[in-house]
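Chemist: Next comes the structure file model-v8.txt, holding compact mmCIF, C-alpha atoms.
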```txt
# COMPACT_ATOMS: atom_id res chain seq x y z
CA MET A 1 0.00 0.00 0.00
CA ALA A 2 1.30 3.45 -0.93
CA VAL A 3 0.12 6.19 1.43
CA SER A 4 0.35 9.95 0.82
CA ILE A 5 -0.30 12.06 3.91
CA TYR A 6 -1.02 15.78 3.69
CA VAL A 7 -1.00 17.73 6.92
CA PHE A 8 -1.51 21.23 8.27
CA SER A 9 -0.04 21.88 11.69
CA GLY A 10 0.35 25.02 13.74
CA THR A 11 2.51 24.34 16.79
CA GLY A 12 3.40 20.84 15.63
CA ASN A 13 0.92 18.46 17.27
CA THR A 14 -0.72 17.37 14.02
CA LEU A 15 2.60 17.05 12.23
CA MET A 16 3.85 14.85 15.07
CA VAL A 17 0.81 12.58 14.70
CA ALA A 18 1.24 12.53 10.91
CA ASN A 19 4.84 11.40 11.32
CA LYS A 20 3.73 8.69 13.75
CA ILE A 21 1.06 7.50 11.33
CA ALA A 22 3.64 7.28 8.54
CA GLU A 23 5.98 5.38 10.86
CA VAL A 24 3.32 2.79 11.68
CA PHE A 25 2.42 2.34 8.01
CA ASN A 26 6.08 1.90 7.08
CA LYS A 27 6.58 -0.68 9.84
CA ASN A 28 3.70 -2.66 8.35
CA SER A 29 5.16 -3.02 4.86
CA CYS A 30 3.50 0.10 3.44
CA ILE A 31 5.22 3.07 1.81
CA ALA A 32 4.08 6.28 3.47
CA SER A 33 5.14 9.89 2.93
CA VAL A 34 4.19 13.14 4.68
CA ASP A 35 3.81 16.50 2.92
CA LYS A 36 2.68 19.82 4.35
CA MET A 37 -0.49 21.32 2.89
CA GLU A 38 1.10 24.72 2.44
CA HIS A 39 3.64 23.15 0.08
CA VAL A 40 1.19 21.16 -2.05
CA GLN A 41 -1.57 22.46 -4.30
CA PRO A 42 -4.80 20.45 -3.84
CA ARG A 43 -4.83 19.53 -7.54
CA ASP A 44 -1.40 17.90 -7.15
CA ILE A 45 -2.25 15.28 -4.53
CA LYS A 46 -1.43 11.68 -5.44
CA LEU A 47 -4.81 10.15 -6.25
CA GLY A 48 -3.23 6.82 -7.14
CA THR A 49 -2.42 6.19 -3.47
CA THR A 50 -4.33 5.95 -0.21
CA VAL A 51 -4.57 9.57 0.90
CA GLY A 52 -4.32 10.78 4.48
CA ILE A 53 -5.41 14.30 5.43
CA GLY A 54 -4.53 15.71 8.84
CA PHE A 55 -5.35 19.11 10.29
CA THR A 56 -5.49 21.04 13.51
CA THR A 57 -8.73 21.61 15.39
CA ALA A 58 -9.29 25.33 15.94
CA PHE A 59 -12.35 26.73 17.70
CA TRP A 60 -14.05 23.31 17.36
CA ASN A 61 -13.55 23.50 13.61
CA THR A 62 -10.39 23.98 11.60
CA TYR A 63 -8.55 26.85 9.94
CA PRO A 64 -10.00 28.62 6.87
CA PHE A 65 -6.82 27.65 5.00
CA VAL A 66 -7.55 23.96 5.59
CA ARG A 67 -11.21 24.27 4.60
CA ASN A 68 -10.21 26.07 1.41
CA TRP A 69 -7.54 23.44 0.62
CA ILE A 70 -10.06 20.64 1.06
CA ASP A 71 -12.74 22.48 -0.93
CA ASN A 72 -10.31 22.74 -3.85
CA LEU A 73 -9.37 19.06 -3.98
CA PRO A 74 -10.09 17.43 -7.35
CA ASP A 75 -12.75 14.76 -7.87
CA GLY A 76 -11.59 11.75 -5.88
CA ASN A 77 -12.63 9.08 -8.38
CA LYS A 78 -13.24 6.73 -5.41
CA THR A 79 -9.75 7.32 -3.96
CA LYS A 80 -9.48 5.94 -0.43
CA VAL A 81 -8.90 8.66 2.16
CA PHE A 82 -8.47 8.69 5.93
CA LEU A 83 -8.68 11.76 8.13
CA PHE A 84 -7.21 12.74 11.47
CA THR A 85 -7.25 15.85 13.59
CA THR A 86 -5.61 16.88 16.86
CA MET A 87 -7.08 18.93 19.65
CA GLY A 88 -6.49 19.86 23.27
CA ASP A 89 -9.95 18.79 24.41
CA SER A 90 -12.69 18.16 21.82
CA SER A 91 -13.49 18.85 18.18
CA CYS A 92 -17.24 18.40 18.79
CA GLY A 93 -17.40 15.86 15.97
CA MET A 94 -16.05 18.27 13.37
CA ILE A 95 -14.08 15.58 11.54
CA ALA A 96 -17.28 13.69 10.62
CA HIS A 97 -18.46 16.72 8.67
CA ILE A 98 -15.13 17.11 6.89
CA ALA A 99 -15.48 13.42 5.97
CA LYS A 100 -18.90 14.17 4.47
CA ILE A 101 -17.42 16.97 2.38
CA LEU A 102 -14.90 14.50 0.95
CA GLU A 103 -17.55 11.87 0.32
CA ASN A 104 -19.43 14.47 -1.70
CA LYS A 105 -16.22 14.99 -3.72
CA ASN A 106 -16.20 11.27 -4.61
CA TYR A 107 -13.64 10.06 -2.06
CA LYS A 108 -14.10 6.81 -0.12
CA VAL A 109 -13.52 7.64 3.56
CA ILE A 110 -11.91 4.66 5.32
CA GLY A 111 -11.06 6.38 8.59
CA ALA A 112 -11.83 9.61 10.46
CA LYS A 113 -10.66 10.17 14.02
CA GLY A 114 -9.52 12.90 16.38
CA PHE A 115 -6.60 12.61 18.80
CA ILE A 116 -6.05 14.43 22.08
CA MET A 117 -2.68 16.18 22.17
CA PRO A 118 -1.14 18.83 24.47
CA ASN A 119 -2.98 22.13 24.69
CA ASN A 120 -1.17 24.84 22.78
CA PHE A 121 -3.11 27.92 23.78
CA LEU A 122 -5.01 27.82 27.07
CA LEU A 123 -4.20 25.48 29.94
CA VAL A 124 -0.71 24.68 28.66
CA ARG A 125 0.66 21.87 30.81
CA SER A 126 4.13 20.94 32.00
CA ASP A 127 6.57 19.11 29.74
CA LYS A 128 6.17 15.97 31.85
CA ALA A 129 2.37 16.02 31.53
CA ASN A 130 2.59 16.70 27.80
CA LYS A 131 4.95 13.77 27.31
CA LYS A 132 2.52 11.41 29.05
CA ARG A 133 -0.36 12.68 26.94
CA ILE A 134 1.58 12.15 23.72
CA GLU A 135 2.61 8.62 24.72
CA LYS A 136 -1.01 7.73 25.50
CA THR A 137 -2.22 9.20 22.22
CA PHE A 138 0.41 7.40 20.15
CA VAL A 139 -0.99 4.06 21.36
CA LYS A 140 -4.37 5.08 19.92
CA VAL A 141 -2.73 6.33 16.72
CA GLU A 142 -1.11 2.94 16.21
CA GLU A 143 -4.44 1.17 16.75
CA TYR A 144 -6.10 3.53 14.26
CA VAL A 145 -3.52 2.90 11.55
CA LYS A 146 -3.60 -0.87 12.01
CA GLY A 147 -7.37 -0.71 11.69
CA ILE A 148 -7.00 1.08 8.35
CA ILE A 149 -4.46 -1.47 7.14
CA ASN A 150 -6.86 -4.28 8.06
CA SER A 151 -9.84 -2.54 6.40
CA LYS A 152 -11.41 -1.83 9.79
CA GLY A 153 -10.66 1.87 10.11
CA TYR A 154 -12.65 3.90 12.64
CA VAL A 155 -14.90 6.55 11.07
CA ARG A 156 -16.45 9.19 13.32
CA LYS A 157 -20.16 9.66 12.56
CA ASN A 158 -22.00 12.96 12.81
CA ASN A 159 -25.11 13.59 14.92
CA PHE A 160 -27.45 16.47 15.69
CA PHE A 161 -25.14 18.00 18.30
CA SER A 162 -22.06 17.84 16.05
CA SER A 163 -24.08 19.28 13.14
CA VAL A 164 -25.14 22.32 15.18
CA SER A 165 -21.61 22.74 16.53
CA PHE A 166 -20.10 22.52 13.05
CA PHE A 167 -22.52 25.13 11.70
CA ILE A 168 -21.74 27.58 14.51
CA SER A 169 -17.98 27.00 14.50
CA SER A 170 -17.88 27.32 10.70
CA PHE A 171 -19.52 30.74 11.03
CA ILE A 172 -16.94 31.76 13.63
CA THR A 173 -13.90 30.59 11.65
CA THR A 174 -15.02 31.81 8.22
CA LYS A 175 -16.91 35.00 9.12
CA LEU A 176 -16.21 36.41 12.59
CA TRP A 177 -12.54 35.36 12.42
CA ASN A 178 -12.01 37.73 9.50
CA THR A 179 -13.65 40.81 10.99
CA LYS A 180 -11.56 43.87 11.74
CA LEU A 181 -12.25 43.53 15.45
CA ALA A 182 -11.06 39.91 15.57
CA LYS A 183 -7.94 40.76 13.58
CA LYS A 184 -7.22 43.65 15.95
CA ILE A 185 -7.62 41.49 19.06
CA MET A 186 -5.60 38.53 17.77
CA LYS A 187 -2.89 40.41 15.83
CA PHE A 188 0.60 39.72 17.07
CA LYS A 189 3.04 42.40 18.10
CA THR A 190 6.81 42.22 18.42
CA ASP A 191 8.73 43.18 21.53
CA LYS A 192 11.55 45.17 19.94
CA THR A 193 13.69 44.81 23.05
CA LYS A 194 13.81 41.03 22.49
CA CYS A 195 13.58 40.60 18.71
CA ASN A 196 16.82 40.27 16.75
CA ALA A 197 15.11 40.21 13.34
CA CYS A 198 16.34 36.68 12.62
CA GLY A 199 13.47 36.11 10.19
CA MET A 200 12.46 32.71 11.54
CA CYS A 201 8.82 33.75 11.94
CA ALA A 202 8.56 34.81 8.30
CA GLU A 203 10.18 31.58 7.11
CA ILE A 204 7.76 29.28 8.89
CA CYS A 205 4.54 31.27 8.48
CA PRO A 206 2.30 29.04 6.31
CA LEU A 207 0.52 31.97 4.67
CA GLY A 208 3.46 34.32 4.09
CA ASN A 209 1.84 36.85 6.42
CA ILE A 210 5.06 38.19 7.94
CA ASN A 211 7.58 40.52 6.31
CA ILE A 212 10.94 41.28 7.88
CA LYS A 213 12.10 44.88 7.69
CA GLU A 214 13.79 46.32 10.74
CA PHE A 215 11.44 44.08 12.71
CA PRO A 216 8.69 41.65 11.71
CA GLU A 217 5.58 43.25 10.24
CA PHE A 218 2.29 41.32 10.26
CA GLY A 219 -0.26 41.42 7.47
CA ASN A 220 -3.96 40.65 7.68
CA LYS A 221 -3.90 36.98 6.58
CA CYS A 222 -3.09 35.53 10.01
CA ILE A 223 -5.15 32.47 10.93
CA PHE A 224 -3.81 32.32 14.50
CA CYS A 225 -2.05 28.97 14.06
CA LEU A 226 0.51 30.11 16.68
CA ARG A 227 3.46 28.76 14.74
CA CYS A 228 5.42 32.02 14.68
CA VAL A 229 4.93 32.94 18.33
CA SER A 230 5.57 29.40 19.58
CA TYR A 231 8.84 28.93 17.68
CA CYS A 232 10.26 32.45 18.03
CA PRO A 233 13.78 31.86 19.43
CA GLN A 234 13.62 35.10 21.41
CA GLN A 235 10.01 34.70 22.63
CA ALA A 236 9.46 38.19 21.31
CA MET A 237 5.86 37.88 20.07
CA SER A 238 2.55 38.18 21.85
CA ASN A 239 -0.97 39.54 21.51
CA LYS A 240 -3.77 40.68 23.78
CA ILE A 241 -5.06 37.22 24.69
CA LEU A 242 -2.09 34.86 24.46
CA LEU A 243 -0.81 33.83 27.88
CA ARG A 244 1.45 30.84 27.31
CA THR A 245 2.74 28.99 24.27
CA TYR A 246 3.61 25.42 23.40
CA ARG A 247 5.57 23.73 20.64
CA ALA A 248 5.66 20.06 19.81
CA PHE A 249 9.18 20.09 18.36
CA SER A 250 12.38 21.56 19.73
CA SER A 251 13.20 23.29 16.44
CA SER A 252 11.21 25.12 13.78
CA SER A 253 13.27 23.38 11.07
CA VAL A 254 10.52 20.73 10.75
CA PHE A 255 8.39 23.34 8.98
CA LEU A 256 11.01 24.49 6.48
CA SER A 257 11.16 21.43 4.23
CA ASN A 258 8.45 20.06 1.96
CA LYS A 259 8.57 16.75 3.83
```
Give the structure from the file, written as structure tokens.
Modeler:
Amino acid sequence: MAVSIYVFSGTGNTLMVANKIAEVFNKNSCIASVDKMEHVQPRDIKLGTTVGIGFTTAFWNTYPFVRNWIDNLPDGNKTKVFLFTTMGDSSCGMIAHIAKILENKNYKVIGAKGFIMPNNFLLVRSDKANKKRIEKTFVKVEEYVKGIINSKGYVRKNNFFSSVSFFISSFITTKLWNTKLAKKIMKFKTDKTKCNACGMCAEICPLGNINIKEFPEFGNKCIFCLRCVSYCPQQAMSNKILLRTYRAFSSSSVFLSNK
């Protein structure tokens, strides 16, 4: 089985799960690869393989960038696809509705599941607690992948509650998120006493929203994925509501390559 995994990750949780999924596939005589969504146009996905799509849960939905990427996927022609998302608490069944979108695009959904990972915004835990959570989740990830390999993949089903939640959260992430007030509240600022203008934030921003002049300057395309602020070497970025940050990897280099 050839498996092509496409993932969008902010602080790294979803990328970490994607890498684990690929590892389990490869250990079971499959050939799996991981590519980042921001580096692959939807029309260029490998339809001749089993496709995996992973994304971050944000406000009980996912980022507008991810929704747009999925909406622009080509006709699946019955391509098998499995989905996974990561969250700090709950996605309120969001992934079942993303699965339905893909079914309507002629994909055969063989798995759809969410995984609990360390919180990256509110209630950020200690490194020790985060490590335990990741270890526990990876056991479930392995079970999920083996289920897919054995044609018994878990598929989350929607219900009335998840349908209402998805409708409301979609309105928040596609409408309210883009209002001037929301952009003003969430917009990051740079502490010029800490920043050394290294340019790391601009390099890893998935939407090219940051320009480096004397100091970083932020545009209006931010989706609040927290990648820049979490991986800033100088911890020089903040906004009006961000209290603590978290990053899944020790280095931002994981976001710089296509793989």
Chemist: One decimal, Å: what's the distance from CA of Gly153 (chain A) over to CA of Ile134 (chain A), could you say?
Modeler: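 Atom-to-atom, CA of Gly153 (chain A) and CA of Ile134 (chain A) are spaced 21.0 Å apart.
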Chemist: Fewer than 5 positions away in the same chain doesn't count, so skip those; otherwise give me all residues within 8 Å of Cys222 (chain A), counting all atoms listed in the file, as number ranges by chain.
Modeler: A: 183, 187, 207, 209
Chemist: One decimal, in Å: what's the spacing between CA of Lys46 (chain A) and CA of Ile21 (chain A)?
Modeler: 17.5 Å
Chemist: Would you list the contacts of Tyr154 (chain A) as a PDB file with C-alpha atoms, keeping the file's coordinate frame, taking every protein, DNA or RNA residue within 10 Å and counting only C-alpha atoms, but skipping same-chain residues closer than 5 positions in sequence?
Modeler:
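Wrote it out as result.pdb, contents follow:
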```pdb
ATOM      1  CA  PHE A  82      -8.470   8.690   5.930  1.00  0.00           C
ATOM      2  CA  LEU A  83      -8.680  11.760   8.130  1.00  0.00           C
ATOM      3  CA  VAL A 109     -13.520   7.640   3.560  1.00  0.00           C
ATOM      4  CA  ILE A 110     -11.910   4.660   5.320  1.00  0.00           C
ATOM      5  CA  GLY A 111     -11.060   6.380   8.590  1.00  0.00           C
ATOM      6  CA  ALA A 112     -11.830   9.610  10.460  1.00  0.00           C
ATOM      7  CA  LYS A 113     -10.660  10.170  14.020  1.00  0.00           C
ATOM      8  CA  GLU A 143      -4.440   1.170  16.750  1.00  0.00           C
ATOM      9  CA  TYR A 144      -6.100   3.530  14.260  1.00  0.00           C
ATOM     10  CA  VAL A 145      -3.520   2.900  11.550  1.00  0.00           C
ATOM     11  CA  GLY A 147      -7.370  -0.710  11.690  1.00  0.00           C
ATOM     12  CA  ILE A 148      -7.000   1.080   8.350  1.00  0.00           C
TER      13      ILE A 148
END
```
Chemist: Taking all atoms listed in the file into account, which of A:Ala129, A:Ile116, A:Leu181, A:Leu73 comes nearest Ile101 (chain A)?
Modeler: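 Going through A:Ala129, A:Ile116, A:Leu181, A:Leu73 one by one, the smallest distance to Ile101 (chain A) is for A:Leu73.
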Chemist: Let me make sure I understand: among A:Arg125, A:Lys189, A:Arg247, A:Lys132, which one has the smallest atom-to-atom distance to Thr14 (chain A) if we use all atoms listed in the file?
Modeler: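 Smallest distance to Thr14 (chain A) is found for A:Arg247.
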Chemist: As a list in words, please: the residues near Asn239 (chain A) (cut-off 10 Å, only C-alpha atoms, same-chain neighbours under 3 positions excluded).
Modeler: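 Returned residues: Lys184, Ile185, Met186, Lys187, Phe188, Lys189, Thr190, Val229, Leu242 and Leu243 of chain A.
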Chemist: Quick one: of A:Thr56, A:Ile172, A:Phe167, A:Glu217, who's nearest to His97 (chain A), counting only C-alpha atoms?
Modeler: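 For His97 (chain A), the nearest of the candidates is A:Phe167.
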Chemist: Do you know which residues are at most 10 Å from region 252-255 of chain A counting only C-alpha atoms, after dropping those on the same chain fewer than 4 positions away, and could you put them as a PyMOL selection string?
Modeler: chain A and resi 9-12+15-16+36+38+200-201+203-206+227-228+230-233+247-248+259
Chemist: With 6 Å of padding per side, what axis-aligned box (centre and edge lengths, Å, one decimal) covers all the listed atoms of region 76-85 of chain A? Give it as JSON.
Modeler:
```
{"center_x": -10.2, "center_y": 10.9, "center_z": 2.6, "size_x": 18.0, "size_y": 21.9, "size_z": 34.0}
```
Chemist: Rounded to one decimal place, report the CA of Ile212 (chain A)-CA of Leu226 (chain A) distance in Å.
Modeler: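 Result for CA of Ile212 (chain A) versus CA of Leu226 (chain A): 17.6 Å, one decimal.
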Chemist: Considering all atoms listed in the file, can you say which of A:Val51, A:Leu123, A:Ile5, A:Ala236 comes closest to Leu102 (chain A)?
Modeler: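 That would be A:Val51, the residue with the smallest distance to Leu102 (chain A).
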Chemist: Choose the residue, out of A:Asn13, A:Arg244, A:Arg43, A:Val155, that has the smallest atom-to-atom separation from Val81 (chain A); count all atoms listed in the file.
Modeler: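 Under the stated criterion, the closest residue is A:Val155.
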Chemist: Measuring atom to atom with all atoms listed in the file, identify which of A:Phe249, A:Tyr6, A:Trp177, A:Phe84 is nearest to Phe59 (chain A).
Modeler: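 Closest residue, counting all atoms listed in the file: A:Trp177.
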Chemist: Can you check which parts of region 148-202 of chain A lie within 8 Å of region 89-95 of chain A? Per residue, the shortest pair of atoms and distance in Å to one decimal, counting all atoms listed in the file, sorted by chain and number, as JSON lines.
Modeler:
```
{"residue": "A:Arg156", "atom": "CA", "partner": "A:Ile95", "partner_atom": "CA", "distance": 7.0}
{"residue": "A:Lys157", "atom": "CA", "partner": "A:Gly93", "partner_atom": "CA", "distance": 7.6}
{"residue": "A:Asn158", "atom": "CA", "partner": "A:Gly93", "partner_atom": "CA", "distance": 6.3}
{"residue": "A:Phe161", "atom": "CA", "partner": "A:Cys92", "partner_atom": "CA", "distance": 7.9}
{"residue": "A:Ser162", "atom": "CA", "partner": "A:Gly93", "partner_atom": "CA", "distance": 5.1}
{"residue": "A:Ser165", "atom": "CA", "partner": "A:Cys92", "partner_atom": "CA", "distance": 6.6}
{"residue": "A:Phe166", "atom": "CA", "partner": "A:Met94", "partner_atom": "CA", "distance": 5.9}
```
Chemist: Would you mind completing region 37-73 of chain A so that it carries N, CA and C atoms, and writing it out as a short mmCIF file (atom, residue, chain, number, x, y, z; two decimals), in the coordinates of the input?
Modeler:
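Produced file out-v4.cif, reproduced below:
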```cif
data_model
loop_
_atom_site.label_atom_id
_atom_site.label_comp_id
_atom_site.auth_asym_id
_atom_site.auth_seq_id
_atom_site.Cartn_x
_atom_site.Cartn_y
_atom_site.Cartn_z
N MET A 37 0.52 20.74 3.78
CA MET A 37 -0.49 21.32 2.89
C MET A 37 -0.02 22.61 2.23
N GLU A 38 0.70 23.43 2.99
CA GLU A 38 1.10 24.72 2.44
C GLU A 38 2.11 24.59 1.32
N HIS A 39 2.66 23.39 1.14
CA HIS A 39 3.64 23.15 0.08
C HIS A 39 3.07 22.35 -1.10
N VAL A 40 1.79 21.98 -1.00
CA VAL A 40 1.19 21.16 -2.05
C VAL A 40 -0.14 21.77 -2.48
N GLN A 41 -0.29 22.00 -3.77
CA GLN A 41 -1.57 22.46 -4.30
C GLN A 41 -2.56 21.29 -4.26
N PRO A 42 -3.82 21.54 -3.91
CA PRO A 42 -4.80 20.45 -3.84
C PRO A 42 -4.87 19.62 -5.12
N ARG A 43 -4.74 20.26 -6.26
CA ARG A 43 -4.83 19.53 -7.54
C ARG A 43 -3.67 18.57 -7.75
N ASP A 44 -2.61 18.72 -6.95
CA ASP A 44 -1.40 17.90 -7.15
C ASP A 44 -1.30 16.71 -6.20
N ILE A 45 -2.33 16.43 -5.43
CA ILE A 45 -2.25 15.28 -4.53
C ILE A 45 -2.18 13.98 -5.34
N LYS A 46 -1.65 12.94 -4.73
CA LYS A 46 -1.43 11.68 -5.44
C LYS A 46 -2.67 10.78 -5.31
N LEU A 47 -3.56 10.89 -6.29
CA LEU A 47 -4.81 10.15 -6.25
C LEU A 47 -4.62 8.66 -6.44
N GLY A 48 -3.47 8.25 -6.93
CA GLY A 48 -3.23 6.82 -7.14
C GLY A 48 -2.81 6.09 -5.87
N THR A 49 -2.82 6.78 -4.75
CA THR A 49 -2.42 6.19 -3.47
C THR A 49 -3.58 6.30 -2.48
N THR A 50 -3.41 5.68 -1.32
CA THR A 50 -4.33 5.95 -0.21
C THR A 50 -3.92 7.29 0.38
N VAL A 51 -4.86 8.19 0.49
CA VAL A 51 -4.57 9.57 0.90
C VAL A 51 -4.95 9.78 2.36
N GLY A 52 -4.04 10.39 3.10
CA GLY A 52 -4.32 10.78 4.48
C GLY A 52 -4.34 12.30 4.57
N ILE A 53 -5.30 12.85 5.27
CA ILE A 53 -5.41 14.30 5.43
C ILE A 53 -5.52 14.62 6.92
N GLY A 54 -4.55 15.37 7.43
CA GLY A 54 -4.53 15.71 8.84
C GLY A 54 -4.55 17.21 9.04
N PHE A 55 -5.24 17.67 10.06
CA PHE A 55 -5.35 19.11 10.29
C PHE A 55 -5.61 19.40 11.76
N THR A 56 -5.33 20.60 12.13
CA THR A 56 -5.49 21.04 13.51
C THR A 56 -6.94 21.44 13.77
N THR A 57 -7.44 21.10 14.94
CA THR A 57 -8.73 21.61 15.39
C THR A 57 -8.54 23.01 15.94
N ALA A 58 -9.36 23.94 15.48
CA ALA A 58 -9.29 25.33 15.94
C ALA A 58 -10.71 25.84 16.16
N PHE A 59 -11.01 26.26 17.37
CA PHE A 59 -12.35 26.73 17.70
C PHE A 59 -13.41 25.70 17.31
N TRP A 60 -13.16 24.44 17.64
CA TRP A 60 -14.05 23.31 17.36
C TRP A 60 -14.35 23.14 15.87
N ASN A 61 -13.46 23.66 15.05
CA ASN A 61 -13.55 23.50 13.61
C ASN A 61 -12.12 23.35 13.12
N THR A 62 -11.78 23.93 12.01
CA THR A 62 -10.39 23.98 11.60
C THR A 62 -10.14 25.31 10.88
N TYR A 63 -8.91 25.56 10.50
CA TYR A 63 -8.55 26.85 9.94
C TYR A 63 -9.16 27.07 8.55
N PRO A 64 -9.49 28.32 8.21
CA PRO A 64 -10.00 28.62 6.87
C PRO A 64 -9.08 28.12 5.77
N PHE A 65 -7.77 28.15 6.00
CA PHE A 65 -6.82 27.65 5.00
C PHE A 65 -7.08 26.18 4.71
N VAL A 66 -7.31 25.40 5.76
CA VAL A 66 -7.55 23.96 5.59
C VAL A 66 -8.86 23.73 4.86
N ARG A 67 -9.92 24.43 5.26
CA ARG A 67 -11.21 24.27 4.60
C ARG A 67 -11.10 24.61 3.11
N ASN A 68 -10.38 25.67 2.80
CA ASN A 68 -10.21 26.07 1.41
C ASN A 68 -9.41 25.03 0.63
N TRP A 69 -8.37 24.47 1.26
CA TRP A 69 -7.54 23.44 0.62
C TRP A 69 -8.38 22.21 0.30
N ILE A 70 -9.19 21.80 1.26
CA ILE A 70 -10.06 20.64 1.06
C ILE A 70 -11.13 20.92 0.00
N ASP A 71 -11.70 22.12 0.04
CA ASP A 71 -12.74 22.48 -0.93
C ASP A 71 -12.21 22.46 -2.36
N ASN A 72 -10.89 22.67 -2.52
CA ASN A 72 -10.31 22.74 -3.85
C ASN A 72 -9.66 21.43 -4.31
N LEU A 73 -9.86 20.37 -3.54
CA LEU A 73 -9.37 19.06 -3.98
C LEU A 73 -10.11 18.63 -5.25
#
```
